[in-house]
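Text of the file start.pdb, holding PDB, N, CA and C atoms:
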```
ATOM      1  N   MET A 672       0.841  -1.164   0.000
ATOM      2  CA  MET A 672       0.000   0.000   0.000
ATOM      3  C   MET A 672       0.893   1.237   0.000
ATOM      4  N   LYS A 673       0.423   2.296  -0.651
ATOM      5  CA  LYS A 673       1.141   3.559  -0.637
ATOM      6  C   LYS A 673       0.156   4.710  -0.555
ATOM      7  N   LYS A 674       0.645   5.814  -0.022
ATOM      8  CA  LYS A 674      -0.159   7.030   0.111
ATOM      9  C   LYS A 674       0.555   8.162  -0.586
ATOM     10  N   LYS A 675      -0.219   9.023  -1.247
ATOM     11  CA  LYS A 675       0.344  10.136  -1.993
ATOM     12  C   LYS A 675      -0.049  11.460  -1.354
ATOM     13  N   PHE A 676       0.890  12.421  -1.415
ATOM     14  CA  PHE A 676       0.694  13.745  -0.848
ATOM     15  C   PHE A 676       1.168  14.787  -1.843
ATOM     16  N   MET A 677       0.452  15.912  -1.922
ATOM     17  CA  MET A 677       0.921  17.044  -2.716
ATOM     18  C   MET A 677       2.101  17.656  -1.976
ATOM     19  N   CYS A 678       3.134  17.987  -2.734
ATOM     20  CA  CYS A 678       4.314  18.545  -2.085
ATOM     21  C   CYS A 678       5.121  19.371  -3.071
ATOM     22  N   SER A 679       6.158  19.991  -2.564
ATOM     23  CA  SER A 679       7.125  20.695  -3.392
ATOM     24  C   SER A 679       8.506  20.457  -2.808
ATOM     25  N   LEU A 680       9.445  20.117  -3.669
ATOM     26  CA  LEU A 680      10.830  19.962  -3.260
ATOM     27  C   LEU A 680      11.470  21.342  -3.227
ATOM     28  N   CYS A 681      12.139  21.671  -2.151
ATOM     29  CA  CYS A 681      12.819  22.965  -2.017
ATOM     30  C   CYS A 681      14.288  22.754  -2.374
ATOM     31  N   ARG A 682      14.586  22.839  -3.652
ATOM     32  CA  ARG A 682      15.944  22.616  -4.151
ATOM     33  C   ARG A 682      16.124  23.484  -5.381
ATOM     34  N   SER A 683      16.925  24.517  -5.311
ATOM     35  CA  SER A 683      17.093  25.471  -6.418
ATOM     36  C   SER A 683      15.739  26.035  -6.828
ATOM     37  N   GLY A 684      14.970  26.445  -5.864
ATOM     38  CA  GLY A 684      13.608  26.916  -6.085
ATOM     39  C   GLY A 684      12.638  25.917  -5.492
ATOM     40  N   ILE A 685      11.371  26.143  -5.725
ATOM     41  CA  ILE A 685      10.332  25.244  -5.211
ATOM     42  C   ILE A 685       9.706  24.531  -6.402
ATOM     43  N   VAL A 686       9.785  23.204  -6.398
ATOM     44  CA  VAL A 686       9.341  22.403  -7.532
ATOM     45  C   VAL A 686       8.213  21.472  -7.090
ATOM     46  N   GLY A 687       7.028  21.675  -7.644
ATOM     47  CA  GLY A 687       5.866  20.871  -7.280
ATOM     48  C   GLY A 687       5.995  19.434  -7.733
ATOM     49  N   GLY A 688       5.374  18.557  -6.969
ATOM     50  CA  GLY A 688       5.406  17.139  -7.312
ATOM     51  C   GLY A 688       4.518  16.348  -6.366
ATOM     52  N   THR A 689       4.799  15.072  -6.290
ATOM     53  CA  THR A 689       4.045  14.150  -5.456
ATOM     54  C   THR A 689       4.999  13.444  -4.507
ATOM     55  N   LEU A 690       4.622  13.342  -3.249
ATOM     56  CA  LEU A 690       5.378  12.578  -2.268
ATOM     57  C   LEU A 690       4.638  11.271  -2.058
ATOM     58  N   ILE A 691       5.342  10.170  -2.207
ATOM     59  CA  ILE A 691       4.727   8.847  -2.080
ATOM     60  C   ILE A 691       5.323   8.150  -0.864
ATOM     61  N   LEU A 692       4.457   7.820   0.071
ATOM     62  CA  LEU A 692       4.863   7.171   1.310
ATOM     63  C   LEU A 692       4.565   5.687   1.204
ATOM     64  N   GLU A 693       5.602   4.876   1.373
ATOM     65  CA  GLU A 693       5.459   3.421   1.398
ATOM     66  C   GLU A 693       6.159   2.917   2.649
ATOM     67  N   LYS A 694       6.019   1.642   2.944
ATOM     68  CA  LYS A 694       6.593   1.109   4.178
ATOM     69  C   LYS A 694       8.115   1.229   4.231
ATOM     70  N   LYS A 695       8.779   1.114   3.084
ATOM     71  CA  LYS A 695      10.238   1.110   3.091
ATOM     72  C   LYS A 695      10.882   2.347   2.480
ATOM     73  N   SER A 696      10.076   3.260   1.936
ATOM     74  CA  SER A 696      10.663   4.446   1.316
ATOM     75  C   SER A 696       9.674   5.603   1.267
ATOM     76  N   ILE A 697      10.251   6.788   1.129
ATOM     77  CA  ILE A 697       9.497   8.006   0.876
ATOM     78  C   ILE A 697      10.060   8.546  -0.433
ATOM     79  N   SER A 698       9.210   8.689  -1.431
ATOM     80  CA  SER A 698       9.679   9.083  -2.765
ATOM     81  C   SER A 698       9.054  10.395  -3.190
ATOM     82  N   TYR A 699       9.862  11.203  -3.876
ATOM     83  CA  TYR A 699       9.385  12.442  -4.487
ATOM     84  C   TYR A 699       9.438  12.242  -5.990
ATOM     85  N   LYS A 700       8.338  12.558  -6.664
ATOM     86  CA  LYS A 700       8.276  12.416  -8.117
ATOM     87  C   LYS A 700       7.727  13.690  -8.737
ATOM     88  N   THR A 701       8.333  14.088  -9.848
ATOM     89  CA  THR A 701       7.852  15.235 -10.596
ATOM     90  C   THR A 701       8.104  14.997 -12.080
ATOM     91  N   SER A 702       7.335  15.657 -12.902
ATOM     92  CA  SER A 702       7.538  15.556 -14.355
ATOM     93  C   SER A 702       8.001  16.893 -14.924
ATOM     94  N   LYS A 703       8.417  17.805 -14.054
ATOM     95  CA  LYS A 703       8.891  19.123 -14.487
ATOM     96  C   LYS A 703      10.155  18.967 -15.331
ATOM     97  N   LEU A 704      10.216  19.704 -16.426
ATOM     98  CA  LEU A 704      11.354  19.618 -17.335
ATOM     99  C   LEU A 704      12.605  20.277 -16.773
ATOM    100  N   THR A 705      12.442  21.219 -15.868
ATOM    101  CA  THR A 705      13.580  21.987 -15.354
ATOM    102  C   THR A 705      14.309  21.292 -14.204
ATOM    103  N   VAL A 706      13.868  20.111 -13.817
ATOM    104  CA  VAL A 706      14.454  19.396 -12.685
ATOM    105  C   VAL A 706      15.473  18.379 -13.198
ATOM    106  N   GLY A 707      16.625  18.335 -12.538
ATOM    107  CA  GLY A 707      17.658  17.367 -12.913
ATOM    108  C   GLY A 707      17.216  15.938 -12.660
ATOM    109  N   LYS A 708      17.872  15.000 -13.340
ATOM    110  CA  LYS A 708      17.513  13.578 -13.233
ATOM    111  C   LYS A 708      17.542  13.057 -11.799
ATOM    112  N   ALA A 709      18.482  13.548 -11.012
ATOM    113  CA  ALA A 709      18.629  13.061  -9.632
ATOM    114  C   ALA A 709      17.405  13.349  -8.778
ATOM    115  N   TYR A 710      16.630  14.378  -9.152
ATOM    116  CA  TYR A 710      15.485  14.775  -8.330
ATOM    117  C   TYR A 710      14.133  14.447  -8.943
ATOM    118  N   LYS A 711      14.089  14.000 -10.184
ATOM    119  CA  LYS A 711      12.802  13.661 -10.809
ATOM    120  C   LYS A 711      12.141  12.468 -10.137
ATOM    121  N   ASN A 712      12.936  11.527  -9.711
ATOM    122  CA  ASN A 712      12.470  10.306  -9.060
ATOM    123  C   ASN A 712      13.311  10.062  -7.818
ATOM    124  N   LEU A 713      13.215  10.935  -6.851
ATOM    125  CA  LEU A 713      14.046  10.877  -5.651
ATOM    126  C   LEU A 713      13.455   9.876  -4.665
ATOM    127  N   VAL A 714      14.236   8.869  -4.295
ATOM    128  CA  VAL A 714      13.781   7.848  -3.345
ATOM    129  C   VAL A 714      14.610   7.964  -2.073
ATOM    130  N   LEU A 715      13.924   8.130  -0.952
ATOM    131  CA  LEU A 715      14.569   8.197   0.354
ATOM    132  C   LEU A 715      14.224   6.914   1.119
ATOM    133  N   PRO A 716      15.140   5.935   1.146
ATOM    134  CA  PRO A 716      14.856   4.709   1.910
ATOM    135  C   PRO A 716      14.685   5.050   3.391
ATOM    136  N   VAL A 717      13.645   4.535   3.988
ATOM    137  CA  VAL A 717      13.319   4.847   5.383
ATOM    138  C   VAL A 717      14.475   4.493   6.316
ATOM    139  N   ASP A 718      15.158   3.383   6.067
ATOM    140  CA  ASP A 718      16.247   2.984   6.965
ATOM    141  C   ASP A 718      17.497   3.860   6.816
ATOM    142  N   GLU A 719      17.511   4.782   5.846
ATOM    143  CA  GLU A 719      18.633   5.708   5.680
ATOM    144  C   GLU A 719      18.305   7.122   6.172
ATOM    145  N   ILE A 720      17.058   7.332   6.610
ATOM    146  CA  ILE A 720      16.671   8.637   7.153
ATOM    147  C   ILE A 720      17.046   8.665   8.634
ATOM    148  N   VAL A 721      17.898   9.635   8.985
ATOM    149  CA  VAL A 721      18.381   9.737  10.363
ATOM    150  C   VAL A 721      17.430  10.562  11.218
ATOM    151  N   LYS A 722      16.984  11.712  10.672
ATOM    152  CA  LYS A 722      16.128  12.631  11.422
ATOM    153  C   LYS A 722      15.122  13.278  10.493
ATOM    154  N   LEU A 723      14.067  13.770  11.099
ATOM    155  CA  LEU A 723      13.052  14.563  10.404
ATOM    156  C   LEU A 723      12.815  15.819  11.234
ATOM    157  N   LYS A 724      12.977  16.979  10.608
ATOM    158  CA  LYS A 724      12.756  18.247  11.308
ATOM    159  C   LYS A 724      11.662  19.008  10.574
ATOM    160  N   TRP A 725      10.702  19.524  11.335
ATOM    161  CA  TRP A 725       9.605  20.313  10.764
ATOM    162  C   TRP A 725       9.832  21.792  11.028
ATOM    163  N   ASN A 726       9.659  22.607   9.998
ATOM    164  CA  ASN A 726       9.640  24.066  10.105
ATOM    165  C   ASN A 726       8.358  24.545   9.469
ATOM    166  N   ARG A 727       7.957  25.739   9.829
ATOM    167  CA  ARG A 727       6.747  26.283   9.226
ATOM    168  C   ARG A 727       6.996  27.738   8.869
ATOM    169  N   VAL A 728       6.881  28.044   7.591
ATOM    170  CA  VAL A 728       6.928  29.430   7.134
ATOM    171  C   VAL A 728       5.479  29.813   6.883
ATOM    172  N   VAL A 729       4.918  29.386   5.800
ATOM    173  CA  VAL A 729       3.483  29.484   5.542
ATOM    174  C   VAL A 729       2.909  28.068   5.565
ATOM    175  N   PHE A 730       3.636  27.157   4.926
ATOM    176  CA  PHE A 730       3.269  25.739   4.897
ATOM    177  C   PHE A 730       4.344  24.949   5.644
ATOM    178  N   PRO A 731       3.998  23.755   6.124
ATOM    179  CA  PRO A 731       4.993  22.955   6.836
ATOM    180  C   PRO A 731       6.075  22.424   5.881
ATOM    181  N   ILE A 732       7.320  22.575   6.296
ATOM    182  CA  ILE A 732       8.448  22.075   5.513
ATOM    183  C   ILE A 732       9.142  20.993   6.325
ATOM    184  N   ALA A 733       9.241  19.802   5.740
ATOM    185  CA  ALA A 733       9.925  18.681   6.381
ATOM    186  C   ALA A 733      11.347  18.620   5.837
ATOM    187  N   THR A 734      12.318  18.565   6.732
ATOM    188  CA  THR A 734      13.702  18.362   6.316
ATOM    189  C   THR A 734      14.086  16.943   6.700
ATOM    190  N   PHE A 735      14.431  16.143   5.696
ATOM    191  CA  PHE A 735      14.855  14.768   5.909
ATOM    192  C   PHE A 735      16.379  14.737   5.901
ATOM    193  N   PHE A 736      16.967  14.311   7.010
ATOM    194  CA  PHE A 736      18.416  14.186   7.120
ATOM    195  C   PHE A 736      18.788  12.723   6.864
ATOM    196  N   MET A 737      19.668  12.505   5.898
ATOM    197  CA  MET A 737      20.037  11.151   5.507
ATOM    198  C   MET A 737      21.352  10.746   6.179
ATOM    199  N   ASN A 738      21.594   9.430   6.270
ATOM    200  CA  ASN A 738      22.813   8.968   6.937
ATOM    201  C   ASN A 738      24.085   9.262   6.136
ATOM    202  N   ASN A 739      23.967   9.663   4.869
ATOM    203  CA  ASN A 739      25.140  10.022   4.065
ATOM    204  C   ASN A 739      25.451  11.522   4.143
ATOM    205  N   GLY A 740      24.702  12.263   4.984
ATOM    206  CA  GLY A 740      24.936  13.685   5.156
ATOM    207  C   GLY A 740      24.038  14.581   4.310
ATOM    208  N   GLU A 741      23.375  14.028   3.324
ATOM    209  CA  GLU A 741      22.450  14.811   2.492
ATOM    210  C   GLU A 741      21.240  15.223   3.316
ATOM    211  N   LYS A 742      20.622  16.318   2.911
ATOM    212  CA  LYS A 742      19.346  16.688   3.518
ATOM    213  C   LYS A 742      18.430  17.206   2.417
ATOM    214  N   TYR A 743      17.159  16.891   2.544
ATOM    215  CA  TYR A 743      16.156  17.247   1.553
ATOM    216  C   TYR A 743      15.013  17.972   2.244
ATOM    217  N   LYS A 744      14.701  19.174   1.754
ATOM    218  CA  LYS A 744      13.585  19.938   2.294
ATOM    219  C   LYS A 744      12.399  19.768   1.360
ATOM    220  N   ILE A 745      11.288  19.336   1.933
ATOM    221  CA  ILE A 745      10.077  19.102   1.143
ATOM    222  C   ILE A 745       8.904  19.774   1.840
ATOM    223  N   LEU A 746       8.249  20.637   1.106
ATOM    224  CA  LEU A 746       7.058  21.308   1.600
ATOM    225  C   LEU A 746       5.894  20.327   1.441
ATOM    226  N   ILE A 747       5.291  19.926   2.541
ATOM    227  CA  ILE A 747       4.187  18.957   2.514
ATOM    228  C   ILE A 747       2.927  19.693   2.946
ATOM    229  N   PHE A 748       1.920  19.698   2.073
ATOM    230  CA  PHE A 748       0.748  20.533   2.308
ATOM    231  C   PHE A 748      -0.172  20.026   3.403
ATOM    232  N   ASN A 749      -0.070  18.769   3.815
ATOM    233  CA  ASN A 749      -0.929  18.255   4.875
ATOM    234  C   ASN A 749      -0.084  17.473   5.878
ATOM    235  N   LYS A 750       0.565  18.195   6.779
ATOM    236  CA  LYS A 750       1.463  17.593   7.764
ATOM    237  C   LYS A 750       0.742  16.586   8.655
ATOM    238  N   LEU A 751      -0.448  16.931   9.113
ATOM    239  CA  LEU A 751      -1.179  16.030  10.013
ATOM    240  C   LEU A 751      -1.470  14.692   9.348
ATOM    241  N   ARG A 752      -1.922  14.735   8.106
ATOM    242  CA  ARG A 752      -2.218  13.492   7.373
ATOM    243  C   ARG A 752      -0.933  12.699   7.130
ATOM    244  N   PHE A 753       0.154  13.386   6.774
ATOM    245  CA  PHE A 753       1.438  12.720   6.546
ATOM    246  C   PHE A 753       1.895  12.012   7.823
ATOM    247  N   ASN A 754       1.864  12.712   8.953
ATOM    248  CA  ASN A 754       2.277  12.108  10.224
ATOM    249  C   ASN A 754       1.379  10.940  10.617
ATOM    250  N   LYS A 755       0.091  11.053  10.339
ATOM    251  CA  LYS A 755      -0.840   9.959  10.635
ATOM    252  C   LYS A 755      -0.446   8.698   9.871
ATOM    253  N   TRP A 756      -0.110   8.851   8.590
ATOM    254  CA  TRP A 756       0.261   7.694   7.778
ATOM    255  C   TRP A 756       1.647   7.174   8.116
ATOM    256  N   LEU A 757       2.546   8.031   8.577
ATOM    257  CA  LEU A 757       3.834   7.531   9.090
ATOM    258  C   LEU A 757       3.572   6.556  10.227
ATOM    259  N   GLN A 758       2.671   6.923  11.130
ATOM    260  CA  GLN A 758       2.341   6.054  12.258
ATOM    261  C   GLN A 758       1.642   4.783  11.799
ATOM    262  N   LYS A 759       0.711   4.899  10.846
ATOM    263  CA  LYS A 759      -0.003   3.712  10.366
ATOM    264  C   LYS A 759       0.937   2.716   9.701
ATOM    265  N   PHE A 760       1.937   3.225   8.990
ATOM    266  CA  PHE A 760       2.921   2.360   8.344
ATOM    267  C   PHE A 760       3.998   1.909   9.332
ATOM    268  N   ARG A 761       3.888   2.386  10.574
ATOM    269  CA  ARG A 761       4.846   2.074  11.639
ATOM    270  C   ARG A 761       6.263   2.480  11.258
ATOM    271  N   ILE A 762       6.359   3.646  10.646
ATOM    272  CA  ILE A 762       7.649   4.209  10.288
ATOM    273  C   ILE A 762       8.063   5.142  11.410
ATOM    274  N   GLU A 763       9.208   4.870  12.000
ATOM    275  CA  GLU A 763       9.694   5.688  13.097
ATOM    276  C   GLU A 763      10.926   6.457  12.636
ATOM    277  N   ILE A 764      10.803   7.776  12.645
ATOM    278  CA  ILE A 764      11.912   8.650  12.288
ATOM    279  C   ILE A 764      12.088   9.614  13.451
ATOM    280  N   ASN A 765      13.317   9.783  13.899
ATOM    281  CA  ASN A 765      13.581  10.729  14.996
ATOM    282  C   ASN A 765      13.206  12.128  14.558
ATOM    283  N   GLU A 766      12.345  12.785  15.320
ATOM    284  CA  GLU A 766      11.956  14.168  15.035
ATOM    285  C   GLU A 766      12.606  15.080  16.053
ATOM    286  N   PHE A 767      12.966  16.269  15.581
ATOM    287  CA  PHE A 767      13.456  17.298  16.503
ATOM    288  C   PHE A 767      13.041  18.649  16.010
TER     289      PHE A 767
END
```

Would you encode the structure as structure tokens?
Amino acid sequence: MKKKFMCSLCRSGIVGGTLILEKKSISYKTSKLTVGKAYKNLVLPVDEIVKLKWNRVVFPIATFFMNNGEKYKILIFNKLRFNKWLQKFRIEINEF
């Protein structure tokens, strides 16, 4: 089973797309022509996510910290629903 969320990747601007939550990964997908190949189909394996930090400017922005030192900021339009499905999938990510 997977759940989809409207989102935007915050990388060299804000790029709209879809965030797909599955038991073993969180994926960002977009069909925008201006996005590099590395970010068109970005897969974040759950076991490689070290931390999740939430900030709020106007919309909630999740920063995913990876074990390789990379970090990805993703604007998720429905934080409550996203967190609910993290719990339903029994995905535990350290939040701070």

**Asked** Quick one, how far is CA of Ile691 (chain A) from CA of Phe676 (chain A)?
**Response**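 Going from CA of Ile691 (chain A) over to CA of Phe676 (chain A) covers 6.5 Å.
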
**Request:** Fewer than 6 positions away in the same chain doesn't count, so skip those; otherwise give me all residues within 6 Å of region 700-705 of chain A, counting all atoms listed in the file, as a PyMOL selection string.
**Result:** chain A and resi 687-691+711-713

Save out the residues we just selected, N, CA and C atoms, as an mmCIF file, in the coordinates of the input.
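Dumped everything to again_35.cif:
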```cif
data_model
loop_
_atom_site.group_PDB
_atom_site.id
_atom_site.type_symbol
_atom_site.label_atom_id
_atom_site.label_comp_id
_atom_site.auth_asym_id
_atom_site.auth_seq_id
_atom_site.Cartn_x
_atom_site.Cartn_y
_atom_site.Cartn_z
ATOM 1 N N GLY A 687 7.028 21.675 -7.644
ATOM 2 C CA GLY A 687 5.866 20.871 -7.280
ATOM 3 C C GLY A 687 5.995 19.434 -7.733
ATOM 4 N N GLY A 688 5.374 18.557 -6.969
ATOM 5 C CA GLY A 688 5.406 17.139 -7.312
ATOM 6 C C GLY A 688 4.518 16.348 -6.366
ATOM 7 N N THR A 689 4.799 15.072 -6.290
ATOM 8 C CA THR A 689 4.045 14.150 -5.456
ATOM 9 C C THR A 689 4.999 13.444 -4.507
ATOM 10 N N LEU A 690 4.622 13.342 -3.249
ATOM 11 C CA LEU A 690 5.378 12.578 -2.268
ATOM 12 C C LEU A 690 4.638 11.271 -2.058
ATOM 13 N N ILE A 691 5.342 10.170 -2.207
ATOM 14 C CA ILE A 691 4.727 8.847 -2.080
ATOM 15 C C ILE A 691 5.323 8.150 -0.864
ATOM 16 N N LYS A 711 14.089 14.000 -10.184
ATOM 17 C CA LYS A 711 12.802 13.661 -10.809
ATOM 18 C C LYS A 711 12.141 12.468 -10.137
ATOM 19 N N ASN A 712 12.936 11.527 -9.711
ATOM 20 C CA ASN A 712 12.470 10.306 -9.060
ATOM 21 C C ASN A 712 13.311 10.062 -7.818
ATOM 22 N N LEU A 713 13.215 10.935 -6.851
ATOM 23 C CA LEU A 713 14.046 10.877 -5.651
ATOM 24 C C LEU A 713 13.455 9.876 -4.665
#
```

**Request:** Please provide the set of residues having any atom within 6.5 Å of Tyr743 (chain A), restricted to only N, CA and C atoms, with same-chain residues fewer than 5 positions apart removed, written as a ChimeraX atom specification.
**Result:** /A:681,733-737

**Request:** Have a look at CA of Asn739 (chain A) and CA of Phe753 (chain A) and let me know their distance in Å, one decimal.
**Result:**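 A separation of 24.0 Å between them.
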
**Asked** What is the atom N of Lys673 (chain A) to atom C of Gln758 (chain A) distance in Å?
**Response**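 Result for atom N of Lys673 (chain A) versus atom C of Gln758 (chain A): 12.8 Å, one decimal.
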